[in-house]
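Colleague: Supplied structure: protein-v2.pdb, PDB, C-alpha atoms.
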```pdb
ATOM      1  CA  MET B 129      88.678 116.936  88.839
ATOM      2  CA  THR B 130      90.293 119.408  86.500
ATOM      3  CA  THR B 131      91.397 118.472  83.001
ATOM      4  CA  LYS B 132      95.109 118.823  83.796
ATOM      5  CA  ASN B 133      94.808 116.256  86.603
ATOM      6  CA  VAL B 134      93.300 113.591  84.379
ATOM      7  CA  LYS B 135      95.368 110.407  84.144
ATOM      8  CA  LEU B 136      95.654 108.300  81.000
ATOM      9  CA  PRO B 137      96.010 104.543  80.543
ATOM     10  CA  GLN B 138      99.398 103.172  79.502
ATOM     11  CA  LYS B 139      99.846 101.052  76.408
ATOM     12  CA  GLY B 140     100.616  97.467  77.407
ATOM     13  CA  ALA B 141      99.076  98.117  80.838
ATOM     14  CA  VAL B 142      97.316  94.754  81.079
ATOM     15  CA  ALA B 143     100.467  92.756  80.264
ATOM     16  CA  LYS B 144     102.424  94.795  82.831
ATOM     17  CA  ILE B 145      99.742  94.195  85.474
ATOM     18  CA  THR B 146      99.969  90.430  84.836
ATOM     19  CA  GLU B 147     103.763  90.521  85.041
ATOM     20  CA  ILE B 148     103.717  92.424  88.342
ATOM     21  CA  ARG B 149     101.044  90.166  89.790
ATOM     22  CA  LYS B 150     102.950  86.988  88.936
ATOM     23  CA  GLY B 151     106.107  88.474  90.421
ATOM     24  CA  LEU B 152     104.351  88.870  93.754
ATOM     25  CA  ARG B 153     103.998  85.132  94.358
ATOM     26  CA  ASN B 154     106.101  82.866  96.576
ATOM     27  CA  GLN B 155     107.032  85.112  99.468
ATOM     28  CA  PRO B 156     109.050  83.081 101.996
ATOM     29  CA  ALA B 157     107.673  82.439 105.467
ATOM     30  CA  SER B 158     108.995  84.921 108.024
ATOM     31  CA  LYS B 159     110.419  83.953 111.413
ATOM     32  CA  ASP B 160     107.319  85.397 113.131
ATOM     33  CA  LEU B 161     105.092  83.142 111.057
ATOM     34  CA  ARG B 162     107.247  80.073 111.666
ATOM     35  CA  ASP B 163     107.174  80.785 115.411
ATOM     36  CA  VAL B 164     103.359  80.764 115.446
ATOM     37  CA  PHE B 165     103.234  77.412 113.649
ATOM     38  CA  LYS B 166     106.089  75.690 115.496
ATOM     39  CA  LYS B 167     105.405  71.963 115.522
ATOM     40  CA  ASP B 168     106.284  71.412 119.164
ATOM     41  CA  LYS B 169     103.757  73.960 120.394
ATOM     42  CA  ASP B 170     100.556  72.979 122.154
ATOM     43  CA  ALA B 171      98.170  71.212 119.821
ATOM     44  CA  PRO B 172      95.715  73.634 118.203
ATOM     45  CA  ALA B 173      91.985  73.391 118.613
ATOM     46  CA  GLU B 174      90.028  71.081 116.333
ATOM     47  CA  LEU B 175      89.343  72.257 112.810
ATOM     48  CA  PRO B 176      86.044  74.119 112.454
ATOM     49  CA  GLU B 177      83.152  72.294 110.877
ATOM     50  CA  LYS B 178      81.921  73.432 107.448
ATOM     51  CA  THR B 179      78.444  74.075 108.748
ATOM     52  CA  ILE B 180      77.901  77.497 107.182
ATOM     53  CA  ALA B 181      79.213  76.602 103.735
ATOM     54  CA  SER B 182      77.096  73.476 103.522
ATOM     55  CA  THR B 183      73.845  74.921 104.830
ATOM     56  CA  PRO B 184      71.133  74.145 102.230
ATOM     57  CA  GLY B 185      69.500  77.248 100.837
ATOM     58  CA  LYS B 186      72.279  79.541 102.041
ATOM     59  CA  ARG B 187      72.681  82.386  99.621
ATOM     60  CA  ASP B 188      75.727  82.040  97.369
ATOM     61  CA  PRO B 189      77.759  85.221  97.854
ATOM     62  CA  ASP B 190      79.405  84.795  94.465
ATOM     63  CA  LEU B 191      79.540  88.145  92.695
ATOM     64  CA  GLY B 192      78.772  86.364  89.452
ATOM     65  CA  LEU B 193      81.287  87.974  87.150
TER      66      LEU B 193
ATOM     67  CA  MET F 271      77.236  98.635  65.996
ATOM     68  CA  ASN F 272      73.859  97.274  66.880
ATOM     69  CA  GLY F 273      71.868 100.266  68.111
ATOM     70  CA  VAL F 274      73.756 101.614  71.104
ATOM     71  CA  THR F 275      75.834  98.439  71.558
ATOM     72  CA  GLY F 276      79.219  97.961  69.926
ATOM     73  CA  ARG F 277      82.120  95.526  69.983
ATOM     74  CA  PHE F 278      85.551  96.338  71.380
ATOM     75  CA  SER F 279      86.994  95.990  67.859
ATOM     76  CA  GLU F 280      84.660  98.757  66.664
ATOM     77  CA  LEU F 281      85.739 101.273  69.314
ATOM     78  CA  ALA F 282      88.460 103.070  67.327
ATOM     79  CA  SER F 283      86.189 103.700  64.328
ATOM     80  CA  PHE F 284      83.397 104.824  66.669
ATOM     81  CA  VAL F 285      85.705 107.376  68.304
ATOM     82  CA  GLN F 286      86.693 108.740  64.879
ATOM     83  CA  LEU F 287      83.020 109.329  64.085
ATOM     84  CA  HIS F 288      82.251 110.719  67.557
ATOM     85  CA  PRO F 289      85.149 112.965  68.688
ATOM     86  CA  ALA F 290      83.212 113.902  71.850
ATOM     87  CA  SER F 291      83.836 110.381  73.096
ATOM     88  CA  LYS F 292      87.495 111.337  73.682
ATOM     89  CA  LEU F 293      86.438 113.060  76.910
ATOM     90  CA  GLY F 294      86.632 109.667  78.622
ATOM     91  CA  CYS F 295      84.924 106.359  79.139
ATOM     92  CA  LEU F 296      83.540 104.528  82.128
ATOM     93  CA  LEU F 297      84.642 101.027  83.094
ATOM     94  CA  ASP F 298      82.784  98.715  85.442
ATOM     95  CA  THR F 299      84.189  96.034  87.762
ATOM     96  CA  SER F 300      83.992  93.295  85.137
ATOM     97  CA  ILE F 301      86.462  95.063  82.844
ATOM     98  CA  LEU F 302      88.763  96.254  85.618
ATOM     99  CA  PHE F 303      88.907  92.690  86.886
ATOM    100  CA  SER F 304      89.579  91.332  83.379
ATOM    101  CA  ALA F 305      92.419  93.818  83.046
ATOM    102  CA  SER F 306      93.965  92.727  86.313
ATOM    103  CA  TYR F 307      93.697  88.947  86.075
ATOM    104  CA  ASP F 308      95.221  86.998  83.198
ATOM    105  CA  LEU F 309      92.981  83.942  83.589
ATOM    106  CA  ASP F 310      89.783  85.943  83.216
ATOM    107  CA  THR F 311      87.849  84.980  80.071
ATOM    108  CA  PHE F 312      88.096  88.466  78.582
ATOM    109  CA  ASN F 313      91.672  89.340  79.594
ATOM    110  CA  SER F 314      93.181  89.399  76.093
ATOM    111  CA  GLU F 315      90.262  91.324  74.613
ATOM    112  CA  THR F 316      90.438  93.785  77.497
ATOM    113  CA  ALA F 317      94.187  94.200  76.930
ATOM    114  CA  LYS F 318      93.511  95.219  73.322
ATOM    115  CA  VAL F 319      90.765  97.670  74.179
ATOM    116  CA  ILE F 320      92.887  99.285  76.917
ATOM    117  CA  ASP F 321      95.699  99.684  74.350
ATOM    118  CA  CYS F 322      93.178 101.258  72.012
ATOM    119  CA  LEU F 323      92.155 103.759  74.728
ATOM    120  CA  ALA F 324      95.828 104.470  75.429
ATOM    121  CA  GLU F 325      96.575 105.123  71.749
ATOM    122  CA  LEU F 326      93.557 107.401  71.425
ATOM    123  CA  GLN F 327      94.463 109.087  74.753
ATOM    124  CA  ILE F 328      91.022 108.485  76.185
ATOM    125  CA  PRO F 329      91.006 108.615  79.998
ATOM    126  CA  ILE F 330      89.350 105.848  81.990
ATOM    127  CA  TYR F 331      86.874 106.703  84.734
ATOM    128  CA  THR F 332      85.205 104.566  87.331
ATOM    129  CA  THR F 333      83.460 104.972  90.675
ATOM    130  CA  TYR F 334      84.948 104.525  94.133
ATOM    131  CA  ASN F 335      82.533 101.680  94.851
ATOM    132  CA  VAL F 336      84.098  99.547  92.133
ATOM    133  CA  ARG F 337      87.164  99.250  94.354
ATOM    134  CA  SER F 338      85.279  97.199  96.958
ATOM    135  CA  GLU F 339      84.018  94.720  94.328
ATOM    136  CA  PHE F 340      87.467  94.559  92.750
ATOM    137  CA  LEU F 341      89.166  93.855  96.084
ATOM    138  CA  GLU F 342      86.561  91.261  97.016
ATOM    139  CA  LEU F 343      87.130  89.323  93.771
ATOM    140  CA  HIS F 344      90.895  89.404  94.179
ATOM    141  CA  ARG F 345      90.684  88.477  97.871
ATOM    142  CA  ARG F 346      88.954  85.233  96.926
ATOM    143  CA  ILE F 347      91.625  84.442  94.315
ATOM    144  CA  ILE F 348      94.737  85.561  96.186
ATOM    145  CA  ILE F 349      93.933  83.912  99.543
ATOM    146  CA  PRO F 350      93.944  80.376  98.084
ATOM    147  CA  GLU F 351      97.208  81.156  96.264
ATOM    148  CA  CYS F 352      98.676  82.350  99.560
ATOM    149  CA  LEU F 353      97.379  79.294 101.388
ATOM    150  CA  ILE F 354      99.236  77.073  98.933
ATOM    151  CA  ASP F 355     102.477  78.985  99.515
ATOM    152  CA  PHE F 356     101.780  78.569 103.224
ATOM    153  CA  LEU F 357     101.172  74.819 102.819
ATOM    154  CA  GLU F 358     104.442  74.405 100.969
ATOM    155  CA  ASP F 359     106.377  76.450 103.535
ATOM    156  CA  LEU F 360     104.860  75.122 106.746
ATOM    157  CA  GLY F 361     102.749  72.089 105.855
ATOM    158  CA  LYS F 362     104.931  69.823 108.000
ATOM    159  CA  THR F 363     103.909  71.707 111.143
ATOM    160  CA  LEU F 364     100.143  71.580 110.532
ATOM    161  CA  LYS F 365      97.477  69.176 111.671
ATOM    162  CA  PRO F 366      96.945  66.322 109.161
ATOM    163  CA  GLU F 367      93.286  67.301 108.569
ATOM    164  CA  LEU F 368      94.284  70.818 107.612
ATOM    165  CA  VAL F 369      97.081  69.550 105.364
ATOM    166  CA  LEU F 370      94.578  67.251 103.643
ATOM    167  CA  ASP F 371      92.148  70.115 103.064
ATOM    168  CA  LEU F 372      94.833  72.474 101.748
ATOM    169  CA  THR F 373      96.303  69.756  99.530
ATOM    170  CA  SER F 374      92.886  69.113  98.016
ATOM    171  CA  MET F 375      92.462  72.827  97.319
ATOM    172  CA  ARG F 376      95.926  72.939  95.750
ATOM    173  CA  THR F 377      94.945  70.114  93.391
ATOM    174  CA  GLN F 378      91.782  71.969  92.365
ATOM    175  CA  LEU F 379      93.686  75.229  91.839
ATOM    176  CA  ARG F 380      96.390  73.583  89.750
ATOM    177  CA  LYS F 381      93.795  71.783  87.645
ATOM    178  CA  ALA F 382      91.889  75.021  87.044
ATOM    179  CA  ASN F 383      95.063  76.922  86.158
ATOM    180  CA  ALA F 384      96.245  74.135  83.831
ATOM    181  CA  GLU F 385      92.925  74.462  82.018
ATOM    182  CA  GLY F 386      93.347  78.241  81.881
ATOM    183  CA  LYS F 387      90.486  78.751  84.298
ATOM    184  CA  LEU F 388      90.111  81.123  87.196
ATOM    185  CA  PHE F 389      90.068  79.579  90.683
ATOM    186  CA  ARG F 390      88.514  81.321  93.663
ATOM    187  CA  ILE F 391      86.961  80.246  96.937
ATOM    188  CA  GLN F 392      83.802  81.349  98.687
ATOM    189  CA  ASP F 393      83.759  83.601 101.706
ATOM    190  CA  GLN F 394      82.542  80.728 103.907
ATOM    191  CA  LYS F 395      85.639  78.733 102.996
ATOM    192  CA  ILE F 396      87.864  81.698 103.875
ATOM    193  CA  LYS F 397      86.126  81.851 107.260
ATOM    194  CA  PHE F 398      86.899  78.156 107.713
ATOM    195  CA  TYR F 399      90.611  78.724 107.074
ATOM    196  CA  ARG F 400      90.613  81.800 109.313
ATOM    197  CA  ALA F 401      89.259  79.759 112.203
ATOM    198  CA  ALA F 402      91.660  76.891 111.504
ATOM    199  CA  LEU F 403      94.781  79.057 111.338
ATOM    200  CA  ALA F 404      93.731  81.376 114.182
ATOM    201  CA  SER F 405      93.692  78.359 116.498
ATOM    202  CA  TYR F 406      97.508  78.330 116.305
ATOM    203  CA  ARG F 407      98.985  80.940 118.623
ATOM    204  CA  ASN F 408     102.298  82.298 119.793
ATOM    205  CA  GLY F 409     101.658  84.697 122.657
ATOM    206  CA  ALA F 410      99.561  87.559 121.345
ATOM    207  CA  HIS F 411     100.030  86.460 117.711
ATOM    208  CA  ASP F 412      97.483  84.191 116.064
ATOM    209  CA  GLY F 413      98.144  82.124 112.979
ATOM    210  CA  TRP F 414      95.612  83.760 110.654
ATOM    211  CA  ALA F 415      96.847  87.299 111.321
ATOM    212  CA  ALA F 416     100.438  86.118 110.887
ATOM    213  CA  PHE F 417      99.498  84.340 107.638
ATOM    214  CA  CYS F 418      97.769  87.468 106.275
ATOM    215  CA  LYS F 419     100.705  89.688 107.216
ATOM    216  CA  ASN F 420     103.230  87.351 105.605
ATOM    217  CA  TYR F 421     101.453  86.408 102.372
ATOM    218  CA  LEU F 422      98.334  88.453 101.687
ATOM    219  CA  HIS F 423      98.817  92.050 102.771
ATOM    220  CA  GLU F 424     101.357  93.165 100.197
ATOM    221  CA  LYS F 425      99.751  91.267  97.326
ATOM    222  CA  ILE F 426      96.240  92.619  97.723
ATOM    223  CA  ALA F 427      97.509  96.181  98.118
ATOM    224  CA  LYS F 428      99.778  95.869  95.096
ATOM    225  CA  VAL F 429      97.051  94.471  92.816
ATOM    226  CA  TRP F 430      94.867  97.530  93.356
ATOM    227  CA  GLU F 431      97.724 100.070  93.276
ATOM    228  CA  THR F 432      99.056  98.570  90.050
ATOM    229  CA  ALA F 433      95.660  98.686  88.354
ATOM    230  CA  VAL F 434      95.121 102.314  89.377
ATOM    231  CA  GLU F 435      98.562 103.357  88.191
ATOM    232  CA  LEU F 436      98.862 101.461  84.892
ATOM    233  CA  LEU F 437      95.261 101.869  83.784
ATOM    234  CA  GLY F 438      95.440 105.521  84.846
ATOM    235  CA  LEU F 439      92.128 105.261  86.682
ATOM    236  CA  ASN F 440      90.204 108.435  87.435
ATOM    237  CA  PHE F 441      87.459 108.307  90.048
ATOM    238  CA  ILE F 442      84.035 109.914  90.215
ATOM    239  CA  GLY F 443      82.083 110.085  93.450
ATOM    240  CA  LEU F 444      78.611 111.273  94.334
ATOM    241  CA  ARG F 445      79.919 114.729  95.276
ATOM    242  CA  SER F 446      79.173 116.018  91.820
ATOM    243  CA  ASP F 447      80.539 119.506  92.521
ATOM    244  CA  GLU F 448      84.046 117.996  92.304
ATOM    245  CA  HIS F 449      83.512 116.727  88.762
ATOM    246  CA  ASP F 450      81.924 119.554  86.790
ATOM    247  CA  SER F 451      84.179 118.910  83.804
ATOM    248  CA  VAL F 452      82.763 115.439  83.170
ATOM    249  CA  LEU F 453      79.271 115.499  84.717
ATOM    250  CA  SER F 454      76.160 116.942  83.133
ATOM    251  CA  GLY F 455      73.791 116.071  85.995
ATOM    252  CA  HIS F 456      73.882 114.984  89.597
ATOM    253  CA  PRO F 457      74.482 111.314  90.348
ATOM    254  CA  SER F 458      72.665 110.405  93.538
ATOM    255  CA  TRP F 459      71.610 107.545  95.749
ATOM    256  CA  GLN F 460      68.045 108.302  94.668
ATOM    257  CA  GLY F 461      68.996 107.807  91.025
ATOM    258  CA  THR F 462      70.964 104.681  91.902
ATOM    259  CA  THR F 463      68.033 103.228  93.830
ATOM    260  CA  ASP F 464      65.722 104.050  90.928
ATOM    261  CA  LEU F 465      67.938 102.012  88.556
ATOM    262  CA  VAL F 466      68.041  99.073  90.984
ATOM    263  CA  GLY F 467      64.237  99.203  91.080
ATOM    264  CA  ARG F 468      63.802  99.503  87.318
ATOM    265  CA  PHE F 469      66.255  96.829  86.253
ATOM    266  CA  GLY F 470      66.920  94.685  89.320
ATOM    267  CA  ILE F 471      70.677  95.169  88.951
ATOM    268  CA  GLY F 472      73.267  95.234  91.740
ATOM    269  CA  SER F 473      73.830  98.503  93.573
ATOM    270  CA  VAL F 474      77.433  98.950  92.398
ATOM    271  CA  ASP F 475      76.371  98.472  88.754
ATOM    272  CA  ALA F 476      73.459 100.852  89.324
ATOM    273  CA  LEU F 477      75.783 103.494  90.754
ATOM    274  CA  ILE F 478      78.048 103.303  87.703
ATOM    275  CA  LEU F 479      75.034 103.553  85.414
ATOM    276  CA  ASP F 480      73.688 106.547  87.341
ATOM    277  CA  VAL F 481      77.061 108.266  86.962
ATOM    278  CA  PHE F 482      77.079 107.316  83.252
ATOM    279  CA  PHE F 483      73.612 108.773  82.654
ATOM    280  CA  ASN F 484      74.581 111.963  84.513
ATOM    281  CA  SER F 485      77.931 112.347  82.766
ATOM    282  CA  LYS F 486      79.195 113.849  79.533
ATOM    283  CA  PHE F 487      80.675 110.486  78.537
ATOM    284  CA  LEU F 488      79.431 108.635  75.490
ATOM    285  CA  LEU F 489      81.158 105.349  76.312
ATOM    286  CA  LEU F 490      80.869 102.590  78.872
ATOM    287  CA  LEU F 491      82.919  99.396  78.588
ATOM    288  CA  THR F 492      81.728  96.212  80.257
ATOM    289  CA  SER F 493      81.656  92.445  79.873
ATOM    290  CA  ASP F 494      78.391  92.259  81.791
ATOM    291  CA  ARG F 495      75.379  91.711  79.553
ATOM    292  CA  ASP F 496      73.090  93.085  82.293
ATOM    293  CA  MET F 497      74.800  96.464  82.036
ATOM    294  CA  ALA F 498      74.402  96.439  78.266
ATOM    295  CA  TYR F 499      70.729  95.517  78.626
ATOM    296  CA  CYS F 500      70.116  98.433  81.007
ATOM    297  CA  ILE F 501      71.796 100.925  78.681
ATOM    298  CA  GLU F 502      69.895  99.598  75.659
ATOM    299  CA  THR F 503      66.593  99.680  77.536
ATOM    300  CA  ALA F 504      67.040 103.025  79.317
ATOM    301  CA  LYS F 505      67.387 104.788  75.940
ATOM    302  CA  TYR F 506      69.375 107.754  77.230
ATOM    303  CA  PRO F 507      70.499 109.888  74.280
ATOM    304  CA  ASN F 508      74.133 109.574  73.203
ATOM    305  CA  ARG F 509      75.041 106.700  75.491
ATOM    306  CA  PHE F 510      76.860 103.733  73.988
ATOM    307  CA  VAL F 511      78.068 100.484  75.496
ATOM    308  CA  PHE F 512      80.944  98.357  74.193
ATOM    309  CA  LEU F 513      81.355  94.652  74.907
ATOM    310  CA  PRO F 514      84.100  92.105  74.133
ATOM    311  CA  ASP F 515      83.651  90.779  70.586
ATOM    312  CA  SER F 516      83.369  87.220  71.903
ATOM    313  CA  LEU F 517      80.259  88.208  73.874
ATOM    314  CA  THR F 518      78.428  89.675  70.910
ATOM    315  CA  LYS F 519      78.704  86.722  68.512
TER     316      LYS F 519
END
```
As structure tokens - that is how I would like this structure written.
Modeller:
Amino acid sequence: MTTKNVKLPQKGAVAKITEIRKGLRNQPASKDLRDVFKKDKDAPAELPEKTIASTPGKRDPDLGL
Amino acid sequence: MNGVTGRFSELASFVQLHPASKLGCLLDTSILFSASYDLDTFNSETAKVIDCLAELQIPIYTTYNVRSEFLELHRRIIIPECLIDFLEDLGKTLKPELVLDLTSMRTQLRKANAEGKLFRIQDQKIKFYRAALASYRNGAHDGWAAFCKNYLHEKIAKVWETAVELLGLNFIGLRSDEHDSVLSGHPSWQGTTDLVGRFGIGSVDALILDVFFNSKFLLLLTSDRDMAYCIETAKYPNRFVFLPDSLTK
């Protein structure tokens, strides 16, 4: 990386990141998505059991930040 | 300053006394995440220190591996947000058990957000939702893939792109020949493994530290006390770590 290619942070960057992130919410459901979840379709399989999450002694994958 | 450890509020005066620190500073995942998520405990302090770096025209460096940790943290925050949008859009078409589960998660998320707290779910819970949504199908399309395409894909990409662009992130890899202007040694997997063995820290943190110890940088910013401990204990000459003020009280 040469010196002339070095990028610099922008002042107010964190506030702008928050603003952009919040603006990304609430995307409407597309037609493709609605078609997959049409109510009159065949009933889906049963919900999966929470066996993995509730296994005692299972390592917590939390990154811990 | 306490030895090699300083507070964010002391950074500007430190840079005045140590002009060599203007070459750049390293950031770890904890600070990049704080900068990108407003409900993180250190978001406002990180905002101030990033502004300080911008005013002083100090470039920010990090390693490529930080990206995977960053994306993983955001994945576990953004997916529940997307699932709530999904519930509100299509809840009437879902099985009652799934609606009940998603509604419960929505209550927890809203409570956390109202208290100014971060809300994220574990990977096992994401797997549960993947299986539940994938059981809905329309021809070749399954519900989980359609959900991800509609709600998640753009958001997760934008969060990373925005951070890279606005924070002006510069990346250092283990191919040290590409970074002669900022490296004084050769970061390596051997050095990274050595730091994991000496301090018991995570591999991504160890990689950043190995780059730091083999760089010409004086500064590393973190909100992770483990990182500060390693830098204090390793006693490399001219290496300083800065933490949020609220962590050093």
Colleague: Calculate how many Å separate CA of Arg345 in chain F from CA of Ser300 in chain F, rounding to one decimal.
Modeller: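 Value for the CA of Arg345 in chain F-CA of Ser300 in chain F distance: 15.2 Å.
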Colleague: Please evaluate the PyMOL selection byres ((chain B and resi 165) around 8) against the displayed coordinates and give the resulting residues as a list in words.
Modeller: Leu161, Arg162, Asp163, Val164, Lys166, Lys167 and Lys169 of chain B; Leu360, Thr363, Leu364, Tyr406, Arg407, Asn408 and Gly413 of chain F
Colleague: Residues as selected, C-alpha atoms, written as an mmCIF file, in the frame of the given file, can you do that?
Modeller:
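selection_37.cif, written as the output of this step:
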```
data_model
loop_
_atom_site.group_PDB
_atom_site.id
_atom_site.type_symbol
_atom_site.label_atom_id
_atom_site.label_comp_id
_atom_site.auth_asym_id
_atom_site.auth_seq_id
_atom_site.Cartn_x
_atom_site.Cartn_y
_atom_site.Cartn_z
ATOM 1 C CA LEU B 161 105.092 83.142 111.057
ATOM 2 C CA ARG B 162 107.247 80.073 111.666
ATOM 3 C CA ASP B 163 107.174 80.785 115.411
ATOM 4 C CA VAL B 164 103.359 80.764 115.446
ATOM 5 C CA LYS B 166 106.089 75.690 115.496
ATOM 6 C CA LYS B 167 105.405 71.963 115.522
ATOM 7 C CA LYS B 169 103.757 73.960 120.394
ATOM 8 C CA LEU F 360 104.860 75.122 106.746
ATOM 9 C CA THR F 363 103.909 71.707 111.143
ATOM 10 C CA LEU F 364 100.143 71.580 110.532
ATOM 11 C CA TYR F 406 97.508 78.330 116.305
ATOM 12 C CA ARG F 407 98.985 80.940 118.623
ATOM 13 C CA ASN F 408 102.298 82.298 119.793
ATOM 14 C CA GLY F 413 98.144 82.124 112.979
#
```
Colleague: Residues picked by the PyMOL selection byres ((chain F and resi 502) around 12) here, as JSON, numbers by chain?
Modeller: {"F": [272, 273, 274, 275, 276, 469, 479, 490, 495, 496, 497, 498, 499, 500, 501, 503, 504, 505, 506, 507, 508, 509, 510, 511, 512]}
Colleague: When you look at Gly151 in chain B with a cut-off of 12 Å (counting all atoms listed in the file), what residues show up, excluding the ones that are within fewer than 4 positions of it in the same chain? I need them as an MDAnalysis selection string.
Modeller: (chainID B and resid 144:147 155) or (chainID F and resid 424:425 428:429)
Colleague: Between F:Thr518, F:Gln286, F:Ser338, F:Ser279, which is the closest to chain B once you count all atoms listed in the file?
Modeller: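 Looking only at the distances to chain B, the closest residue turns out to be F:Ser338.
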Colleague: Mind telling me what the PyMOL selection byres ((chain F and resi 309-316) around 8) catches here, as a CSV table (one decimal) with C-alpha atoms, keeping the file's coordinate frame?
Modeller:
```
chain,number,residue,atom,x,y,z
B,142,VAL,CA,97.3,94.8,81.1
F,278,PHE,CA,85.6,96.3,71.4
F,301,ILE,CA,86.5,95.1,82.8
F,303,PHE,CA,88.9,92.7,86.9
F,304,SER,CA,89.6,91.3,83.4
F,305,ALA,CA,92.4,93.8,83.0
F,306,SER,CA,94.0,92.7,86.3
F,307,TYR,CA,93.7,88.9,86.1
F,308,ASP,CA,95.2,87.0,83.2
F,317,ALA,CA,94.2,94.2,76.9
F,318,LYS,CA,93.5,95.2,73.3
F,319,VAL,CA,90.8,97.7,74.2
F,320,ILE,CA,92.9,99.3,76.9
F,383,ASN,CA,95.1,76.9,86.2
F,386,GLY,CA,93.3,78.2,81.9
F,387,LYS,CA,90.5,78.8,84.3
F,388,LEU,CA,90.1,81.1,87.2
F,493,SER,CA,81.7,92.4,79.9
F,514,PRO,CA,84.1,92.1,74.1
F,515,ASP,CA,83.7,90.8,70.6
```
Colleague: Quick one: what's the axis-aligned box for range 330-347 of chain F, all listed atoms, 3 Å on every side, centre and edges in Å to one decimal, as AutoDock Vina command-line options?
Modeller:
```
--center_x 87.1 --center_y 95.6 --center_z 89.9 --size_x 15.1 --size_y 28.3 --size_z 21.9
```
Colleague: Distance CA of Leu341 in chain F-CA of Phe389 in chain F, one decimal place?
Modeller: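 Interatomic distance here is 15.3 Å.
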Colleague: Just how far from CA of Leu437 in chain F is CA of Tyr421 in chain F, in Å to one decimal?
Modeller: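 Taking CA of Tyr421 in chain F and CA of Leu437 in chain F, their separation equals 25.0 Å.
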Colleague: Using only C-alpha atoms, pick whichever of F:Asp371, F:Gly438, F:Leu357, F:Ser473 has the shortest atom-to-atom distance to Pro156 in chain B.
Modeller: F:Leu357
Colleague: Write out as a PyMOL selection string the residues lying within 12 Å of Arg346 in chain F, counting only C-alpha atoms and excluding same-chain residues fewer than 5 positions away.
Modeller: (chain B and resi 189-191) or (chain F and resi 339-341+351-353+388-397+422+426)
Colleague: Determine the nearest neighbour of chain B from the options F:Leu517, F:Leu477, F:Leu323, F:Ile349, counting only C-alpha atoms.
Modeller: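 The shortest atom-to-atom distance to chain B comes from F:Leu323.
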Colleague: For chain B, which residue among F:Pro329, F:Gly461, F:Gly470, F:Pro289 is the nearest when counting all atoms listed in the file?
Modeller: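 Closest residue, counting all atoms listed in the file: F:Pro329.
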Colleague: Which of these, F:Leu488, F:Ala427, F:Ile328, F:Ala382, has the shortest distance to chain B once you count only C-alpha atoms?
Modeller: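 Checking each candidate against chain B, we get F:Ile328 as the closest.
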Colleague: For Leu453 in chain F, list every protein, DNA or RNA residue within 6 Å, evaluated using all atoms listed in the file, and leave out those in the same chain fewer than 5 positions away; present the list as an NGL selection string.
Modeller: :F and (484-486)
Colleague: Take the selection from the previous step and output its residues with C-alpha atoms, as a short mmCIF file (atom, residue, chain, number, x, y, z; two decimals), in the coordinates of the input.
Modeller:
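Result file is result-v9.cif:
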```
data_model
loop_
_atom_site.label_atom_id
_atom_site.label_comp_id
_atom_site.auth_asym_id
_atom_site.auth_seq_id
_atom_site.Cartn_x
_atom_site.Cartn_y
_atom_site.Cartn_z
CA ASN F 484 74.58 111.96 84.51
CA SER F 485 77.93 112.35 82.77
CA LYS F 486 79.19 113.85 79.53
#
```
